Amino acid sequence: MAIADTGASGHYFLPEAPLTNINAHAPCTTIRTATGQPLYSTGTATLNLPTIPPVTQHGHIVPGLTHNLISIGTLCDAGCTALFTANALTVTDAAGTTILSGARDTNAPRLWKLNLRPHQDAIALHVARPRATLAPTQHKETHVDKLAPTHTAKPPTCPRVHTHLRTHDLPTTRALVAFLHATAGYPVKSTWLQAIKRGFYNSWPGLTYTLVAKYCPTADATIQGHMAQPRQHIRSTKRNVPSANYPASPQHDIDIFTVPLNKIFTDDTGRFHPRARSGNQYIMIAFHSDTNAILVRPFPTKHDVHRIAAYQDIHVRLCNANRKPMVHIMDNEASLAFRQAITSNGSTFQLVPPYVHRRNAAERAIRTFKDHFLAILAGAAPSFPADRHCNPTLSAWEDLFGPFNFDATPLGPAGCRILIHSKATTRRSWDYRSHEGFYVGPALHHYRCYRVLNKESRSTPLPTHPDLTAEDKIIAALQQLQLATKSPTAQLHAIYKLRDIFRHYATTATNPDTTPPRVQALPPRVPPEAPIRDTTLHPTPTTAWQTVPEHTRRGVPTTIDQPIAARTRAASGHRPSRNSFAALADTTDNESVGTAMPVLDQDTGQLLEHKQLRRHPKHKATWDTSYSNELGRLCQGIGHHPYINTRSYRDIPNQRKGDVTYTRVVCEIRPQQADPYLTRITLGGDRIRYPGDCGTKTGSLETVKLLLNSVLSTPTARFASFDISNFYLGTPLDRPEYARIKLSDIPDDFVQEYSLHDFAHNGYVYFEVSKGVYGLKQAGKLANDLLTQRLEMHGYYQCATTPGLWRHKWRPVLFVLIVDDFGIQYSDRRHAEHLLQALQQHYTVTTDWTGTKFAGIDIKWDYNKRTCRLTMDTYISALLLKYDHPRPRKPQHAPHKHREIIYGAKEQLLPDNDTSPPIDAAGIKRIQGIVGSLLYYARAVDNKLLVALSTISSQQTAATQNTAAAVHQLLDYVATYPNDGITYRASSMILAAHSDASYLTEPGSRSRAGAHIFLSEGRPCSRHNMPVLTISQIIKYVMASAAEAELAALYITARELIPLRNALEEMGWTQPKTPIQTDNSTATGFVNDTIIQRRIKMIWMRLHWLRCREAQGRFRFYWDRGSANLADYSTKHHPPAYHLAHHPTHAG
């Protein structure tokens, strides 16, 4: 009998029902009863009731039911009609024939029941009907494995009833799936989905096939553990040869009976490093063929005493699961004692022949285990101890160990950092209630406990109840914030609010100074922006500064009642102490030392200029005051010698009235300054007609890099940097210049204090400039000439052939001068202090004896290892913010689109001309700004961008949509690798170079020359050093052959080596013949005169110069294979795989 259920979604049978086609391996289905109790199916079957339609005969076997359940909805969907009366139920098919009937139960709860065994006449009537519509497969005889149980299969894993929320207290479904993915050991998505579909994870809370298919993350740990070489013959280009049509052989039905045979295959892994604290360093892998289970057991050494103990442990586990192995298959290297141990357990053994590993199934099991185990190790916390206590044997092996309940035995990501509860009996009265540790595995014999490792004592792991750290929860929340806010502006705005909340919480936990200020504080200013790691720019809160008196750049308290002249940077005073919030802000702003940030509007996310700031009601008061301070500083000067003076228009000489220029105001925020709101007035140098020379000698990036290598290669040398304040502003001009400012643009308080209405003419106020001001074309030349005169008085001189390189007549001090920045190499500090004293006689000097910042480059020194790393930490983040470029969703591993190779072709065709639509003037200006910003960054710390930049630079004046797409890919690349840099090591300071060229790879039949110039040890196969100069430029002329292109690359490389050799000679590093490597034998033969060449004009001109330099003892040309040529990276548009393979070489 069965109950007719109108609410059931399908048929559910008891094992005793008349069933056929039983499938005990079908996926498990969860059925929720009316009382809320869950029941679980053990398989699927077909109801042996031929009267009902075939499509309605299938259902699930559920042992926990009290009656069979027939779904009325399933029958009605097949075209049947069910008629319920007060005492009976009749089900008819589409033809009106009764196929099922039943009566209503007389006892409570009075349900309608159906008879599953109808009368024979109904069966005969059903068989007599024509069955032409049935598929042929419905007539096929099914052979059932007679040894397989029909309804005695072990029930599947029992899911939880009460969730243990402490193990996965996560805010979103995406975070929960990511946590469970890490808990499962970072499996491959397809493998995990297949296991979930089979019901292996039914007890895991909230884990379903649909959610995993949608939210499963692509974790790096999965790739690190499971990446493998692609298989052969995938998408093969070989033609498929049609096979001959042979007559089909007759087919017969065969009954196959499978007799299970318990076999295990064992093998050992290689040595695992480092050795665990328990002494284990090898792992025995056992593959159980009947259950497809992989069992593992670690052991210390390969001695019999340890190997046999590991085998006995695996054997006992199988015996406890009623799976005692009958046959043991292993390698032929098994010892006699090992064989005797197997025989004593009642098993027989088989030895695999030598070098025939495919017969041992444990070999493949080792690979599967290693993939999973390496993924777990890759996902562990970075600070997790090296002796990892992981338990990789736990899995959903229901055939071996029965159902697994996630709530009773919770799991977590192996190696993650946790907080361990300290019991009251083990802690003192005022100890913290938890301490840090690491999760290492489940506690199988405890209820809702973990095995953890104490971080402090490194004690033996004990079962305990840990909790997720606040750091993990914050990171999960930030990840959701990033997903919720797609645009970079929205992300910044949200992160601003988060940091404001964090800082407000931090300030409420301290005791700020509540003493009222002695002077009235200014209105709240625009908050300084403090960058946070891996983000762009972040402002400090506006409310926190209201209780702190504002300070100028020199630390003098500023009030509205003070005159403007007293608010300038020239004034001196003692900087008062700050409260705890200011100290907290300083710790957050440490990363931005030495950087200047544009003004960002928090509400709109736009960068604001000076006029926009002064019109904004929120920022007007702050930047009016800053503008007045700058004007007052220029009018007051230093030592009562003003830089500018007000003049009446009639006082300007008539011959100079045509030179009156304009002013431009630049606003920046410098959090490292006492007064972070910086306003700088510059003059328009394009309007000034200066008759003298305006060229200034200054150091180059290549000279700076040579100096850094010199510091590393001199055993006792150190590096320091000095900075002269107001370098241009303190230089007297040889003639005055004139500028005008609109009276309405000057703040009212400044106009009233200096009575500027008396000097106004046609709405403008005119100023006479008597000292150097930013923007004057002659200011740099005059300031440098004055500095040269003052340094020569103390014995310093500039080298003859290297601009910006300075030495002392006898002191061992060497420095590079870039405008007003000094990069100094010294062996004894007293020599550097001599230079400092000479500068302090005339200038205000800021010193950095650590030398961690110079020319905009962040330098990380390691004098013990004699290395330094050059980066520009916040440069890319600020660039992406400036041009509103979002971070890519997928990593971009190539800075440019690669040129696809046509395999099998005799020649590679030239790239097609760009026919995409042109972009507007605003787009061209944006591309030019991005290229200019990245060009300095590439020359300084990231030479991998030079190929893309040179190609885009050649197209930017007539940019198209393809050019914009190339710029977008370049920004995606720098966003993927924002902290790339170069690393220098101590060397023999011998200059060397690699030269290469790519023939006809650029549009317009152009070729590209590349060079990798570095400092070497002076011997073959010496340790690689990062380049001091990388060349990647398009050759101007069309090359007639590949050899001519290689010869042109040699010429370009040698030409750039000349000034570098001179600089090294002037630094005191004597240079032998500079070795230049090329991979073209024809070009080498031309230069070394080992082949007879035709006198082609273009080749002969370069060849004559190269031979002349070689005869002078400057260069030595030699050939080596192309794979050893480091300049190859800078000559071609390589694919992403090539960039990934060579990234460690070119990124330091």
# chains A, B, ... in the order shown; residues from 1 in each chain; ligands from 1
$ residues_around --residues "Tyr627 of chain A" --least-positions-apart "5" --cutoff "9 Å" --atoms "only C-alpha atoms" --output "ChimeraX atom specification"
/A:622,632,665,678-681,746-747
$ write_last_selection --atoms "N, CA and C atoms" --output "mmCIF file, in the first residue's frame"
data_model
loop_
_atom_site.group_PDB
_atom_site.id
_atom_site.type_symbol
_atom_site.label_atom_id
_atom_site.label_comp_id
_atom_site.auth_asym_id
_atom_site.auth_seq_id
_atom_site.Cartn_x
_atom_site.Cartn_y
_atom_site.Cartn_z
ATOM 1 N N THR A 622 40.221 77.414 4.162
ATOM 2 C CA THR A 622 41.543 76.794 4.323
ATOM 3 C C THR A 622 42.517 77.273 3.261
ATOM 4 N N GLY A 632 52.449 86.217 1.424
ATOM 5 C CA GLY A 632 53.209 86.888 2.467
ATOM 6 C C GLY A 632 54.641 86.415 2.546
ATOM 7 N N VAL A 665 48.944 78.992 -9.782
ATOM 8 C CA VAL A 665 48.944 78.544 -8.394
ATOM 9 C C VAL A 665 48.761 77.032 -8.369
ATOM 10 N N LEU A 678 49.810 73.043 1.157
ATOM 11 C CA LEU A 678 50.880 73.771 0.497
ATOM 12 C C LEU A 678 50.333 74.464 -0.742
ATOM 13 N N THR A 679 50.557 75.765 -0.811
ATOM 14 C CA THR A 679 50.241 76.569 -1.993
ATOM 15 C C THR A 679 51.542 77.134 -2.536
ATOM 16 N N ARG A 680 51.770 76.953 -3.816
ATOM 17 C CA ARG A 680 53.002 77.431 -4.440
ATOM 18 C C ARG A 680 52.634 78.278 -5.652
ATOM 19 N N ILE A 681 53.201 79.501 -5.710
ATOM 20 C CA ILE A 681 52.965 80.424 -6.816
ATOM 21 C C ILE A 681 54.119 80.303 -7.796
ATOM 22 N N ILE A 746 43.060 87.746 -5.104
ATOM 23 C CA ILE A 746 43.858 87.845 -3.882
ATOM 24 C C ILE A 746 42.922 87.881 -2.684
ATOM 25 N N PRO A 747 43.203 87.114 -1.634
ATOM 26 C CA PRO A 747 42.325 87.144 -0.449
ATOM 27 C C PRO A 747 42.189 88.548 0.128
#
$ closest_residue --among "A:Ser626, A:Ser41, A:Ser1130, A:Thr98" --to "Tyr12 of chain A" --atoms "only C-alpha atoms"
A:Ser41
$ closest_residue --among "A:Leu211, A:Ala940, A:Met793, A:Val188" --to "Asp371 of chain A" --atoms "only C-alpha atoms"
A:Val188
$ select_by_dssp --residues "segment 1021-1104 of chain A" --states "strand (DSSP E)" --output "compact mmCIF listing (two decimals) with N, CA and C atoms, in the first residue's frame"
# COMPACT_ATOMS: atom_id res chain seq x y z
N PRO A 1027 69.86 46.13 -14.51
CA PRO A 1027 70.46 47.11 -15.42
C PRO A 1027 70.47 48.51 -14.83
N VAL A 1028 71.49 49.27 -15.20
CA VAL A 1028 71.51 50.70 -14.92
C VAL A 1028 70.88 51.48 -16.05
N LEU A 1029 70.76 50.86 -17.22
CA LEU A 1029 70.11 51.49 -18.36
C LEU A 1029 69.56 50.39 -19.26
N THR A 1030 68.29 50.53 -19.63
CA THR A 1030 67.65 49.63 -20.58
C THR A 1030 67.19 50.44 -21.78
N ILE A 1031 67.55 49.98 -22.96
CA ILE A 1031 67.19 50.68 -24.19
C ILE A 1031 66.15 49.85 -24.92
N SER A 1032 65.08 50.50 -25.35
CA SER A 1032 64.07 49.88 -26.19
C SER A 1032 63.50 50.98 -27.08
N GLN A 1033 64.04 51.12 -28.27
CA GLN A 1033 63.63 52.19 -29.15
C GLN A 1033 63.46 51.69 -30.57
N ILE A 1034 62.56 52.33 -31.29
CA ILE A 1034 62.31 52.00 -32.68
C ILE A 1034 63.37 52.68 -33.54
N THR A 1074 84.81 47.24 -22.62
CA THR A 1074 83.44 46.91 -22.25
C THR A 1074 82.93 45.78 -23.13
N PRO A 1075 82.57 44.62 -22.57
CA PRO A 1075 82.06 43.52 -23.39
C PRO A 1075 80.62 43.79 -23.83
N ILE A 1076 80.36 43.63 -25.12
CA ILE A 1076 79.02 43.81 -25.69
C ILE A 1076 78.64 42.50 -26.37
N GLN A 1077 77.56 41.90 -25.90
CA GLN A 1077 77.12 40.60 -26.41
C GLN A 1077 76.01 40.78 -27.43
N THR A 1078 76.05 40.03 -28.51
CA THR A 1078 74.99 39.99 -29.51
C THR A 1078 74.76 38.55 -29.92
$ residues_around --residues "Tyr875 of chain A" --least-positions-apart "2" --cutoff "10 Å" --atoms "only C-alpha atoms" --output "list in words"
Thr536, Thr595, Gly856, Ile857, Thr871, Met872, Asp873, Ser877, Ala878, Leu879, Leu880, Ser933, Leu934, Tyr937, Pro978 and Asn979 of chain A
$ write_last_selection --atoms "N, CA, C and O atoms" --output "tab-separated table (two decimals), in the first residue's frame"
chain	number	residue	atom	x	y	z
A	536	THR	N	44.96	53.94	-2.76
A	536	THR	CA	45.49	55.13	-3.40
A	536	THR	C	45.69	56.24	-2.38
A	536	THR	O	46.71	56.29	-1.71
A	595	THR	N	56.26	62.61	-0.23
A	595	THR	CA	55.37	62.65	-1.37
A	595	THR	C	54.47	63.87	-1.28
A	595	THR	O	54.16	64.35	-0.18
A	856	GLY	N	62.77	60.85	-5.94
A	856	GLY	CA	61.46	60.21	-6.03
A	856	GLY	C	61.48	58.71	-5.95
A	856	GLY	O	60.45	58.06	-6.12
A	857	ILE	N	62.64	58.10	-5.69
A	857	ILE	CA	62.79	56.65	-5.66
A	857	ILE	C	62.95	56.20	-4.21
A	857	ILE	O	63.74	56.79	-3.46
A	871	THR	N	62.31	51.05	-5.60
A	871	THR	CA	60.90	51.00	-5.91
A	871	THR	C	60.33	52.42	-5.84
A	871	THR	O	60.99	53.34	-5.38
A	872	MET	N	59.10	52.55	-6.29
A	872	MET	CA	58.33	53.80	-6.13
A	872	MET	C	56.97	53.38	-5.59
A	872	MET	O	56.05	53.10	-6.34
A	873	ASP	N	56.87	53.32	-4.27
A	873	ASP	CA	55.80	52.58	-3.60
A	873	ASP	C	54.40	53.11	-3.92
A	873	ASP	O	53.50	52.36	-4.23
A	877	SER	N	49.69	53.84	-7.45
A	877	SER	CA	48.38	54.06	-6.83
A	877	SER	C	47.89	55.48	-7.10
A	877	SER	O	46.71	55.69	-7.43
A	878	ALA	N	48.78	56.46	-6.98
A	878	ALA	CA	48.39	57.84	-7.27
A	878	ALA	C	48.08	58.03	-8.75
A	878	ALA	O	47.15	58.78	-9.11
A	879	LEU	N	48.81	57.36	-9.62
A	879	LEU	CA	48.55	57.48	-11.06
A	879	LEU	C	47.19	56.91	-11.42
A	879	LEU	O	46.44	57.51	-12.20
A	880	LEU	N	46.86	55.74	-10.87
A	880	LEU	CA	45.55	55.14	-11.17
A	880	LEU	C	44.42	56.01	-10.65
A	880	LEU	O	43.36	56.11	-11.29
A	933	SER	N	53.90	60.19	-17.55
A	933	SER	CA	54.02	59.78	-16.14
A	933	SER	C	54.71	58.43	-16.01
A	933	SER	O	55.52	58.23	-15.10
A	934	LEU	N	54.38	57.50	-16.89
A	934	LEU	CA	54.96	56.17	-16.80
A	934	LEU	C	56.37	56.10	-17.35
A	934	LEU	O	57.11	55.16	-17.03
A	937	TYR	N	58.76	56.51	-14.50
A	937	TYR	CA	58.65	55.32	-13.66
A	937	TYR	C	59.36	54.13	-14.29
A	937	TYR	O	60.05	53.36	-13.62
A	978	PRO	N	52.04	46.72	-8.97
A	978	PRO	CA	52.31	48.12	-8.60
A	978	PRO	C	53.60	48.33	-7.85
A	978	PRO	O	54.05	49.47	-7.72
A	979	ASN	N	54.21	47.27	-7.34
A	979	ASN	CA	55.40	47.42	-6.49
A	979	ASN	C	56.64	46.78	-7.09
A	979	ASN	O	57.54	46.38	-6.36
$ atom_distance --atom1 "atom CA of Ala276 of chain A" --atom2 "atom CA of Ile329 of chain A"
28.5 Å
$ closest_residue --among "A:Met1039, A:Arg939, A:Ala4, A:Glu363" --to "Val91 of chain A" --atoms "only C-alpha atoms"
A:Ala4
$ closest_residue --among "A:Thr66, A:Ser347, A:Thr1001, A:Gln969" --to "Thr33 of chain A" --atoms "only C-alpha atoms"
A:Thr66
$ closest_residue --among "A:Asp331, A:Cys1108, A:Ala310, A:Thr218" --to "Phe265 of chain A" --atoms "only C-alpha atoms"
A:Asp331
$ closest_residue --among "A:Ile818, A:Ile724, A:Leu631, A:Ile652" --to "Phe750 of chain A" --atoms "only C-alpha atoms"
A:Leu631
$ select_by_dssp --residues "segment 269-450 of chain A" --states "helix (DSSP H, G or I)" --output "short mmCIF file (atom, residue, chain, number, x, y, z; two decimals) with N, CA, C and O atoms, in the first residue's frame"
data_model
loop_
_atom_site.label_atom_id
_atom_site.label_comp_id
_atom_site.auth_asym_id
_atom_site.auth_seq_id
_atom_site.Cartn_x
_atom_site.Cartn_y
_atom_site.Cartn_z
N ASP A 304 63.23 -0.04 8.60
CA ASP A 304 62.09 -0.95 8.74
C ASP A 304 61.26 -0.66 9.98
O ASP A 304 60.04 -0.81 9.97
N VAL A 305 61.91 -0.23 11.05
CA VAL A 305 61.17 0.00 12.29
C VAL A 305 60.13 1.11 12.10
O VAL A 305 59.04 1.06 12.69
N HIS A 306 60.43 2.08 11.25
CA HIS A 306 59.49 3.19 11.03
C HIS A 306 58.51 2.87 9.90
O HIS A 306 57.31 3.18 10.00
N ARG A 307 58.98 2.25 8.83
CA ARG A 307 58.10 1.95 7.71
C ARG A 307 57.06 0.91 8.11
O ARG A 307 55.88 1.02 7.76
N ILE A 308 57.49 -0.10 8.85
CA ILE A 308 56.54 -1.15 9.25
C ILE A 308 55.50 -0.58 10.22
O ILE A 308 54.32 -0.94 10.17
N ALA A 309 55.92 0.33 11.10
CA ALA A 309 54.96 0.95 12.02
C ALA A 309 53.91 1.75 11.26
O ALA A 309 52.72 1.73 11.59
N ALA A 310 54.34 2.49 10.18
CA ALA A 310 53.37 3.23 9.38
C ALA A 310 52.43 2.27 8.65
O ALA A 310 51.21 2.52 8.57
N TYR A 311 52.96 1.15 8.14
CA TYR A 311 52.10 0.18 7.47
C TYR A 311 51.11 -0.45 8.45
O TYR A 311 49.92 -0.62 8.11
N GLN A 312 51.57 -0.78 9.64
CA GLN A 312 50.67 -1.41 10.61
C GLN A 312 49.54 -0.46 11.00
O GLN A 312 48.40 -0.89 11.20
N ASP A 313 49.84 0.81 11.08
CA ASP A 313 48.80 1.77 11.42
C ASP A 313 47.73 1.82 10.32
O ASP A 313 46.53 1.85 10.61
N ILE A 314 48.15 1.82 9.05
CA ILE A 314 47.19 1.83 7.95
C ILE A 314 46.40 0.52 7.94
O ILE A 314 45.18 0.51 7.70
N HIS A 315 47.07 -0.59 8.20
CA HIS A 315 46.38 -1.89 8.20
C HIS A 315 45.32 -1.95 9.30
O HIS A 315 44.21 -2.47 9.08
N VAL A 316 45.63 -1.42 10.47
CA VAL A 316 44.66 -1.43 11.56
C VAL A 316 43.45 -0.58 11.21
O VAL A 316 42.30 -0.95 11.50
N ARG A 317 43.66 0.54 10.57
CA ARG A 317 42.53 1.41 10.19
C ARG A 317 41.62 0.70 9.21
O ARG A 317 40.38 0.80 9.29
N LEU A 318 42.18 -0.03 8.26
CA LEU A 318 41.35 -0.76 7.31
C LEU A 318 40.61 -1.90 7.98
O LEU A 318 39.44 -2.17 7.68
N CYS A 319 41.28 -2.60 8.90
CA CYS A 319 40.61 -3.69 9.62
C CYS A 319 39.47 -3.17 10.48
O CYS A 319 38.40 -3.80 10.58
N ASN A 320 39.65 -2.03 11.11
CA ASN A 320 38.57 -1.45 11.92
C ASN A 320 37.37 -1.07 11.07
O ASN A 320 36.25 -1.01 11.57
N LEU A 336 62.94 -7.77 3.64
CA LEU A 336 62.41 -9.05 4.11
C LEU A 336 61.52 -8.87 5.32
O LEU A 336 60.48 -9.51 5.45
N ALA A 337 61.91 -7.98 6.23
CA ALA A 337 61.10 -7.74 7.43
C ALA A 337 59.74 -7.16 7.05
O ALA A 337 58.71 -7.50 7.67
N PHE A 338 59.72 -6.28 6.04
CA PHE A 338 58.46 -5.69 5.61
C PHE A 338 57.55 -6.77 5.02
O PHE A 338 56.34 -6.82 5.28
N ARG A 339 58.10 -7.68 4.23
CA ARG A 339 57.29 -8.74 3.66
C ARG A 339 56.75 -9.67 4.73
O ARG A 339 55.59 -10.12 4.67
N GLN A 340 57.57 -9.95 5.73
CA GLN A 340 57.10 -10.82 6.80
C GLN A 340 55.97 -10.16 7.59
O GLN A 340 55.04 -10.84 8.04
N ALA A 341 56.05 -8.84 7.77
CA ALA A 341 54.97 -8.14 8.47
C ALA A 341 53.67 -8.24 7.70
O ALA A 341 52.59 -8.38 8.29
N ILE A 342 53.74 -8.16 6.37
CA ILE A 342 52.52 -8.28 5.56
C ILE A 342 51.95 -9.69 5.66
O ILE A 342 50.74 -9.89 5.82
N THR A 343 52.81 -10.67 5.59
CA THR A 343 52.35 -12.06 5.66
C THR A 343 51.75 -12.38 7.03
O THR A 343 50.76 -13.12 7.14
N SER A 344 52.34 -11.83 8.08
CA SER A 344 51.82 -12.09 9.43
C SER A 344 50.43 -11.51 9.63
O SER A 344 49.70 -11.96 10.52
N HIS A 357 56.55 1.45 -13.07
CA HIS A 357 55.79 2.07 -11.99
C HIS A 357 54.29 2.12 -12.28
O HIS A 357 53.49 2.32 -11.36
N ARG A 358 53.92 1.98 -13.53
CA ARG A 358 52.49 2.12 -13.84
C ARG A 358 51.65 1.00 -13.25
O ARG A 358 50.43 1.13 -13.13
N ARG A 359 52.31 -0.11 -12.87
CA ARG A 359 51.55 -1.21 -12.25
C ARG A 359 51.17 -0.91 -10.81
O ARG A 359 50.30 -1.57 -10.25
N ALA A 362 49.58 3.21 -6.46
CA ALA A 362 49.94 4.22 -5.46
C ALA A 362 50.75 5.36 -6.07
O ALA A 362 50.81 6.44 -5.49
N GLU A 363 51.39 5.11 -7.23
CA GLU A 363 52.13 6.19 -7.88
C GLU A 363 51.20 7.32 -8.26
O GLU A 363 51.49 8.50 -8.04
N ARG A 364 50.06 6.99 -8.85
CA ARG A 364 49.08 8.03 -9.19
C ARG A 364 48.43 8.60 -7.94
O ARG A 364 48.10 9.79 -7.90
N ALA A 365 48.28 7.79 -6.92
CA ALA A 365 47.71 8.29 -5.67
C ALA A 365 48.65 9.30 -5.02
O ALA A 365 48.19 10.25 -4.37
N ILE A 366 49.96 9.10 -5.17
CA ILE A 366 50.92 10.06 -4.61
C ILE A 366 50.73 11.43 -5.27
O ILE A 366 50.74 12.47 -4.61
N ARG A 367 50.55 11.43 -6.58
CA ARG A 367 50.35 12.71 -7.27
C ARG A 367 49.07 13.39 -6.80
O ARG A 367 49.05 14.60 -6.56
N THR A 368 47.99 12.63 -6.66
CA THR A 368 46.73 13.21 -6.19
C THR A 368 46.88 13.78 -4.79
O THR A 368 46.42 14.89 -4.49
N PHE A 369 47.54 13.01 -3.92
CA PHE A 369 47.75 13.50 -2.55
C PHE A 369 48.63 14.75 -2.52
O PHE A 369 48.36 15.71 -1.80
N LYS A 370 49.71 14.74 -3.32
CA LYS A 370 50.60 15.90 -3.32
C LYS A 370 49.89 17.15 -3.81
O LYS A 370 50.10 18.25 -3.28
N ASP A 371 49.05 17.01 -4.84
CA ASP A 371 48.30 18.17 -5.33
C ASP A 371 47.46 18.78 -4.23
O ASP A 371 47.43 20.00 -4.04
N HIS A 372 46.76 17.92 -3.50
CA HIS A 372 45.88 18.41 -2.43
C HIS A 372 46.70 18.97 -1.26
O HIS A 372 46.38 20.02 -0.71
N PHE A 373 47.77 18.29 -0.90
CA PHE A 373 48.56 18.70 0.26
C PHE A 373 49.32 20.00 -0.02
O PHE A 373 49.41 20.88 0.84
N LEU A 374 49.86 20.14 -1.23
CA LEU A 374 50.56 21.38 -1.58
C LEU A 374 49.59 22.55 -1.62
O LEU A 374 49.96 23.68 -1.27
N ALA A 375 48.36 22.33 -2.06
CA ALA A 375 47.37 23.40 -2.03
C ALA A 375 47.07 23.84 -0.61
O ALA A 375 46.90 25.03 -0.33
N ILE A 376 47.02 22.87 0.32
CA ILE A 376 46.80 23.23 1.74
C ILE A 376 47.97 24.04 2.27
O ILE A 376 47.80 25.06 2.95
N LEU A 377 49.20 23.64 1.96
CA LEU A 377 50.37 24.38 2.42
C LEU A 377 50.41 25.78 1.83
O LEU A 377 50.79 26.74 2.50
N ALA A 378 50.02 25.91 0.55
CA ALA A 378 50.04 27.24 -0.08
C ALA A 378 49.00 28.16 0.53
O ALA A 378 49.18 29.37 0.53
N GLU A 398 33.03 7.27 3.24
CA GLU A 398 31.97 6.67 4.03
C GLU A 398 32.07 5.14 4.02
O GLU A 398 31.59 4.48 4.94
N ASP A 399 32.68 4.60 2.98
CA ASP A 399 32.83 3.15 2.96
C ASP A 399 33.80 2.66 4.02
O ASP A 399 33.75 1.50 4.44
N LEU A 400 34.71 3.58 4.47
CA LEU A 400 35.71 3.17 5.45
C LEU A 400 35.31 3.54 6.87
O LEU A 400 35.36 2.72 7.78
N PHE A 401 34.94 4.78 7.07
CA PHE A 401 34.79 5.29 8.44
C PHE A 401 33.37 5.74 8.76
O PHE A 401 33.16 6.36 9.79
#
$ atom_distance --atom1 "atom CA of Ser1005 of chain A" --atom2 "atom CA of Val931 of chain A"
23.3 Å
